[in-house]
Amino acid sequence: MSRQPLRRVVWGTLIAIVVTAAAWLGYSVGERRGINDLRAESNHRLDLFSSAIEGVIKRLEHVPATIQLNKEVLSLLREPDDKRRLAQANDYLRRLNAHMGSMAVFVMNDRGMVLASSNGDKPDDSHVAVDLSFRPYFLEALSGRVGRHFAIGIHGDEPGYFVSHPIRDGARVVGVAAIKIGLEPIDQTWEMLGAHALLADTNQVVIMSSQPEWRYTALTALPLERRVDLQLTRMYNNRRIPRFPLAVLTKSDDDGQVLEGLLPGDAAYRSQNRNPEMLVLSRTLDGMDWRLMTFSDLRAVRSQALVYSMMSAVGASFLLLLALYAAQHRRIQRQRHEARLLLERVNAELEQNVASRTQALTAANDRLRNEVRERESAELTLRDAQGELVHAAKMAMLGQLATGITHELTQPLGAIRTLSGNASEFLRRGDLNALSGNLNIIARMADQMGSIIQPLKGFARKSLPIPVHADVAHAIGNALFLYGPRLRNESVEVINRCVPGRLSAWCDPNRLEQVLINLVGNAIDAMADAPCKVLTLEAFVEAARPADDTDCCCHETAGEEARHAIDHVQGWVRIDVLDTGSGLCVDTRSRLFEPFFTTKANGAGLGLGLAISRDIVREFHGDIEAAARPGGGARFSLLLPTGPVAQTAPAAARES
């Protein structure tokens, strides 16, 4: 190869390297400078906003500590039934609240019952006679510490910051004084940050935000134990706490973090299939365990950095063009010689491209094999995820049934409490015969409670689906048992035509109960407003699958594979769940088994129950059909094989 083509390659490479390096350097410098300026400005605003929040809260934190100095309050705690002292304490708290500008000031006894309140003269919003023993700030003050917590009020649904202080009569804590500080002034100062922002409490739950849709979302996944604590303490007044829409680091320092996501109002923004980047800065408020976070859009910084990049590239290109112009006359003299060498070079490049393409094809083949292995692994992961989703649905159903089961256990527990007290008295008197009778009754009560709890333990158990010959009537009985309290409360007449031990289906009993519980629950919901509520369950065996009903829901694709698998079973069990509800319209039937489709009110369901149930049934080569009843209501038919599926069934049906 002659020097001229080589020089062209060298010059071209140098030009590309220099221009690229200049553009990259200009972009990096401009980006770093813009981010530093944005970070400095945001940190300054964070300092100002943090000071504003601390001023709103700490201005009133000392008020509960001064309430125990008032003699009317101490007199009321000593004589809580004295109406005159109650009126004096209410008047003092009312005047104190009006003077300080807080939302409410109230006093509780050592059992958490509110004795006096600043709004005691307002029956609709009064705290008087309200039991607040479940609130964390009461428990902390009762133990002698100062309580500080964010919570949503149980009256009026207004959020506030609660500060509590113990009231001592001598060395003993006889009550708790608390103040509710309003957070409205903070809402009025979001604009001073100049960016989207939020305020999270110690539970990493967004309690305030410049964007209403961010409020009461969790920055991190809340564990089950924490969710139970929040339900017991009613910190957020029984609100459902979903996950925050952006993945943020809750422990980032003042230097911040850069993440990708969609800010509110940017849902239509897409740039080369990428989400806009944001600079997230956070600050912990002193003495409050609250975290203030701001989300600054970096698009302006990127645009400015791009301008610096273009200017650097243009300057470098101009200098290189001058150098190329000076060397142009030397290349013209060697042009003929280079033409021959250029042809050889093109030939060599062609051979190199052929070799490169061959190597690329080999590498693509290897990648394809790796993708096949990854897909097989993904299918295993999908099956595990399906099992986890089924278990999660079971846990959600248990949560809905917990109130009824608790009511069922309340009467035996009360009886046991009474009988145990009587037994102690009989033992003191020496009446052993009466004592033995009471103990026998207590034993029977304990067995009764065990019979109530045992189906719940089996239903909640997380296990792999193992098909066996499952008793259909037993599964239906367990499903009706779990809905027993609700069926009685809603006056639903149940007609169960299934006899135990007569019919069995080839499936996992626990999964079958899950499907039946979902169908029975949907039937009860459908009959909520029906004048006549009748729930009918029946099961029978047929030797061959019946012809398709034109009024039934159609399941395309994967549904056809499941039907194909059923056609290879010699016999199958059909379980019908019939209700007298509002029925199924044509549009509802066509979308009935779509994930997240539901006809219930907002918040009453996710629309996953029927989709999960259909997947469970198809896993055992069955199917679910739904149809409108001629007389009103709906019929859901559960089809399951009576024995193992024949080996002649196609693989697609076995994997559906």
# chains A, B, ... in the order shown; residues from 1 in each chain; ligands from 1

$ residues_around --residues "Leu608 in chain A" --least-positions-apart "4" --cutoff "7 Å" --atoms "only C-alpha atoms" --output "list in words"
Pro595, Phe596 and Ile612 of chain A

$ write_last_selection --atoms "C-alpha atoms" --output "short mmCIF file (atom, residue, chain, number, x, y, z; two decimals), in the first residue's frame"
data_model
loop_
_atom_site.label_atom_id
_atom_site.label_comp_id
_atom_site.auth_asym_id
_atom_site.auth_seq_id
_atom_site.Cartn_x
_atom_site.Cartn_y
_atom_site.Cartn_z
CA PRO A 595 -56.13 -9.06 33.00
CA PHE A 596 -57.05 -5.91 34.97
CA ILE A 612 -55.45 -16.11 37.47
#

$ residues_around --residues "range 574-590 of chain A" --least-positions-apart "2" --cutoff "9 Å" --atoms "only C-alpha atoms" --output "JSON, numbers by chain"
{"A": [472, 516, 519, 520, 523, 524, 525, 526, 527, 528, 529, 530, 531, 532, 533, 534, 535, 536, 537, 538, 539, 540, 541, 542, 551, 552, 553, 554, 555, 572, 592, 593, 594, 598, 599, 626, 627, 628, 629, 631, 632, 633, 634, 635, 636, 637, 638, 639, 640, 641]}

$ residues_around --residues "Ala479 in chain A" --least-positions-apart "3" --cutoff "7 Å" --atoms "only C-alpha atoms" --output "list in words"
Ala475, Ile476, Leu482, Tyr483, Glu513, Leu516 and Ile517 of chain A

$ atom_distance --atom1 "CA of Pro212 in chain A" --atom2 "CA of Phe244 in chain A"
12.2 Å

$ atom_distance --atom1 "CA of Gly147 in chain A" --atom2 "CA of Lys83 in chain A"
28.8 Å

$ closest_residue --among "A:Asn510, A:Thr20, A:Gln335, A:Thr381" --to "Asn478 in chain A" --atoms "only C-alpha atoms"
A:Asn510

$ residues_around --residues "Glu184 in chain A" --least-positions-apart "5" --cutoff "10 Å" --atoms "only C-alpha atoms" --output "list of chain:residue names"
A:Val56, A:Pro159, A:Gly160, A:Thr189, A:Met208

$ write_last_selection --atoms "C-alpha atoms" --output "compact mmCIF listing (two decimals), in the first residue's frame"
# COMPACT_ATOMS: atom_id res chain seq x y z
CA VAL A 56 -43.56 25.87 60.89
CA PRO A 159 -53.07 15.45 57.79
CA GLY A 160 -50.98 17.03 60.51
CA THR A 189 -44.21 27.29 49.61
CA MET A 208 -46.57 16.03 51.06

$ atom_distance --atom1 "CA of Pro245 in chain A" --atom2 "CA of Leu193 in chain A"
20.8 Å

$ residues_around --residues "range 300-313 of chain A" --least-positions-apart "3" --cutoff "7 Å" --atoms "only C-alpha atoms" --output "list in words"
Val19, Ala22, Ala23, Trp24, Gly26, Tyr27, Gly30, Glu31, Gly34, Ile35, Ala316 and Ser317 of chain A

$ write_last_selection --atoms "N, CA and C atoms" --output "PDB file, in the first residue's frame"
ATOM      1  N   VAL A  19     -12.250  15.711  16.178  1.00  0.00           N
ATOM      2  CA  VAL A  19     -13.590  16.301  16.227  1.00  0.00           C
ATOM      3  C   VAL A  19     -14.430  15.650  17.320  1.00  0.00           C
ATOM      4  N   ALA A  22     -13.102  16.731  20.694  1.00  0.00           N
ATOM      5  CA  ALA A  22     -13.484  18.109  20.996  1.00  0.00           C
ATOM      6  C   ALA A  22     -14.962  18.204  21.362  1.00  0.00           C
ATOM      7  N   ALA A  23     -15.793  17.471  20.593  1.00  0.00           N
ATOM      8  CA  ALA A  23     -17.229  17.490  20.904  1.00  0.00           C
ATOM      9  C   ALA A  23     -17.492  16.879  22.272  1.00  0.00           C
ATOM     10  N   TRP A  24     -16.836  15.741  22.536  1.00  0.00           N
ATOM     11  CA  TRP A  24     -17.044  15.091  23.836  1.00  0.00           C
ATOM     12  C   TRP A  24     -16.546  15.967  24.987  1.00  0.00           C
ATOM     13  N   GLY A  26     -16.234  19.257  24.995  1.00  0.00           N
ATOM     14  CA  GLY A  26     -17.130  20.393  25.167  1.00  0.00           C
ATOM     15  C   GLY A  26     -18.430  19.996  25.850  1.00  0.00           C
ATOM     16  N   TYR A  27     -18.956  18.830  25.457  1.00  0.00           N
ATOM     17  CA  TYR A  27     -20.192  18.348  26.082  1.00  0.00           C
ATOM     18  C   TYR A  27     -19.968  18.047  27.562  1.00  0.00           C
ATOM     19  N   GLY A  30     -19.494  21.327  29.545  1.00  0.00           N
ATOM     20  CA  GLY A  30     -20.767  22.036  29.674  1.00  0.00           C
ATOM     21  C   GLY A  30     -21.740  21.318  30.585  1.00  0.00           C
ATOM     22  N   GLU A  31     -21.772  19.967  30.473  1.00  0.00           N
ATOM     23  CA  GLU A  31     -22.674  19.199  31.341  1.00  0.00           C
ATOM     24  C   GLU A  31     -22.258  19.300  32.801  1.00  0.00           C
ATOM     25  N   GLY A  34     -23.077  22.751  34.090  1.00  0.00           N
ATOM     26  CA  GLY A  34     -24.511  22.952  34.275  1.00  0.00           C
ATOM     27  C   GLY A  34     -25.050  22.196  35.474  1.00  0.00           C
ATOM     28  N   ILE A  35     -24.585  20.931  35.645  1.00  0.00           N
ATOM     29  CA  ILE A  35     -25.058  20.139  36.784  1.00  0.00           C
ATOM     30  C   ILE A  35     -24.578  20.749  38.096  1.00  0.00           C
ATOM     31  N   ALA A 316     -12.834  22.746  16.151  1.00  0.00           N
ATOM     32  CA  ALA A 316     -11.834  21.744  15.807  1.00  0.00           C
ATOM     33  C   ALA A 316     -11.861  21.432  14.314  1.00  0.00           C
ATOM     34  N   SER A 317     -13.077  21.380  13.749  1.00  0.00           N
ATOM     35  CA  SER A 317     -13.182  21.093  12.309  1.00  0.00           C
ATOM     36  C   SER A 317     -12.542  22.202  11.476  1.00  0.00           C
TER      37      SER A 317
END

$ residues_around --residues "Ala40 in chain A" --least-positions-apart "2" --cutoff "12 Å" --atoms "only C-alpha atoms" --output "list of chain:residue names"
A:Arg33, A:Gly34, A:Ile35, A:Asn36, A:Asp37, A:Leu38, A:Ser42, A:Asn43, A:His44, A:Arg45, A:Leu46, A:Asp47, A:Asp254, A:Asp255, A:Gly256, A:Leu279, A:Leu281, A:Ser296

$ write_last_selection --atoms "N, CA and C atoms" --output "compact mmCIF listing (two decimals), in the first residue's frame"
# COMPACT_ATOMS: atom_id res chain seq x y z
N ARG A 33 -20.52 21.62 34.25
CA ARG A 33 -20.74 22.96 34.76
C ARG A 33 -22.23 23.21 35.03
N GLY A 34 -23.08 22.75 34.09
CA GLY A 34 -24.51 22.95 34.27
C GLY A 34 -25.05 22.20 35.47
N ILE A 35 -24.59 20.93 35.65
CA ILE A 35 -25.06 20.14 36.78
C ILE A 35 -24.58 20.75 38.10
N ASN A 36 -23.32 21.22 38.12
CA ASN A 36 -22.82 21.84 39.34
C ASN A 36 -23.61 23.10 39.70
N ASP A 37 -23.91 23.91 38.68
CA ASP A 37 -24.70 25.11 38.95
C ASP A 37 -26.09 24.75 39.44
N LEU A 38 -26.69 23.73 38.77
CA LEU A 38 -28.04 23.32 39.18
C LEU A 38 -28.02 22.74 40.58
N SER A 42 -30.01 24.25 43.67
CA SER A 42 -31.02 23.41 44.34
C SER A 42 -30.70 23.24 45.81
N ASN A 43 -29.40 23.07 46.16
CA ASN A 43 -29.03 22.93 47.58
C ASN A 43 -29.37 24.19 48.36
N HIS A 44 -29.16 25.34 47.74
CA HIS A 44 -29.51 26.59 48.42
C HIS A 44 -31.01 26.66 48.67
N ARG A 45 -31.80 26.28 47.68
CA ARG A 45 -33.25 26.30 47.85
C ARG A 45 -33.68 25.25 48.87
N LEU A 46 -32.98 24.10 48.88
CA LEU A 46 -33.30 23.09 49.88
C LEU A 46 -33.07 23.62 51.29
N ASP A 47 -31.95 24.36 51.48
CA ASP A 47 -31.67 24.93 52.80
C ASP A 47 -32.78 25.90 53.22
N ASP A 254 -25.99 14.84 49.69
CA ASP A 254 -26.30 16.14 49.08
C ASP A 254 -25.84 16.24 47.64
N ASP A 255 -24.90 15.36 47.21
CA ASP A 255 -24.47 15.42 45.81
C ASP A 255 -25.53 14.91 44.86
N GLY A 256 -26.51 14.20 45.39
CA GLY A 256 -27.64 13.80 44.59
C GLY A 256 -27.39 12.56 43.77
N LEU A 279 -32.06 15.27 38.15
CA LEU A 279 -31.12 15.36 39.26
C LEU A 279 -31.94 15.35 40.54
N LEU A 281 -32.03 15.52 44.53
CA LEU A 281 -31.31 15.95 45.73
C LEU A 281 -32.22 15.73 46.94
N SER A 296 -35.05 17.77 39.73
CA SER A 296 -34.75 18.84 38.76
C SER A 296 -34.53 18.24 37.39

$ closest_residue --among "A:Ala470, A:Leu198, A:Leu435, A:Val29" --to "Ser282 in chain A" --atoms "only C-alpha atoms"
A:Leu198

$ closest_residue --among "A:Trp506, A:Phe106, A:Phe134, A:Tyr236" --to "Ile179 in chain A" --atoms "only C-alpha atoms"
A:Phe106

$ closest_residue --among "A:Glu351, A:Gly477, A:Leu320, A:Gly170" --to "Ile17 in chain A" --atoms "only C-alpha atoms"
A:Leu320

$ decode --residues "range 198-214 of chain A" --atoms "N, CA and C atoms" --output "CSV table (one decimal), in the first residue's frame"
chain,number,residue,atom,x,y,z
A,198,LEU,N,-40.9,16.6,47.1
A,198,LEU,CA,-41.8,15.8,47.9
A,198,LEU,C,-41.1,15.8,49.3
A,199,LEU,N,-42.0,15.4,50.3
A,199,LEU,CA,-41.6,15.3,51.7
A,199,LEU,C,-42.0,13.9,52.2
A,200,ALA,N,-41.0,13.1,52.6
A,200,ALA,CA,-41.3,11.7,53.1
A,200,ALA,C,-41.0,11.6,54.6
A,201,ASP,N,-41.9,10.8,55.3
A,201,ASP,CA,-41.7,10.7,56.7
A,201,ASP,C,-40.8,9.5,57.0
A,202,THR,N,-40.7,9.1,58.2
A,202,THR,CA,-39.7,8.1,58.6
A,202,THR,C,-40.1,6.7,58.1
A,203,ASN,N,-41.3,6.5,57.6
A,203,ASN,CA,-41.7,5.3,56.9
A,203,ASN,C,-41.4,5.3,55.4
A,204,GLN,N,-40.7,6.3,55.0
A,204,GLN,CA,-40.4,6.5,53.5
A,204,GLN,C,-41.7,6.6,52.7
A,205,VAL,N,-42.7,7.2,53.3
A,205,VAL,CA,-44.0,7.4,52.6
A,205,VAL,C,-44.1,8.9,52.4
A,206,VAL,N,-44.5,9.2,51.1
A,206,VAL,CA,-44.6,10.6,50.7
A,206,VAL,C,-45.8,11.2,51.4
A,207,ILE,N,-45.6,12.2,52.3
A,207,ILE,CA,-46.7,12.8,53.0
A,207,ILE,C,-47.2,14.1,52.4
A,208,MET,N,-46.3,14.8,51.7
A,208,MET,CA,-46.6,16.0,51.1
A,208,MET,C,-45.8,16.1,49.8
A,209,SER,N,-46.3,16.8,48.8
A,209,SER,CA,-45.6,16.8,47.5
A,209,SER,C,-46.2,18.0,46.7
A,210,SER,N,-45.4,18.5,45.8
A,210,SER,CA,-45.9,19.5,44.9
A,210,SER,C,-46.8,18.9,43.8
A,211,GLN,N,-46.7,17.6,43.7
A,211,GLN,CA,-47.6,16.8,42.7
A,211,GLN,C,-48.6,16.0,43.5
A,212,PRO,N,-49.9,16.2,43.4
A,212,PRO,CA,-50.9,15.5,44.2
A,212,PRO,C,-50.8,14.0,44.0
A,213,GLU,N,-50.4,13.5,42.7
A,213,GLU,CA,-50.4,12.1,42.5
A,213,GLU,C,-49.3,11.4,43.2
A,214,TRP,N,-48.3,12.1,43.7
A,214,TRP,CA,-47.2,11.5,44.4
A,214,TRP,C,-47.6,11.2,45.9
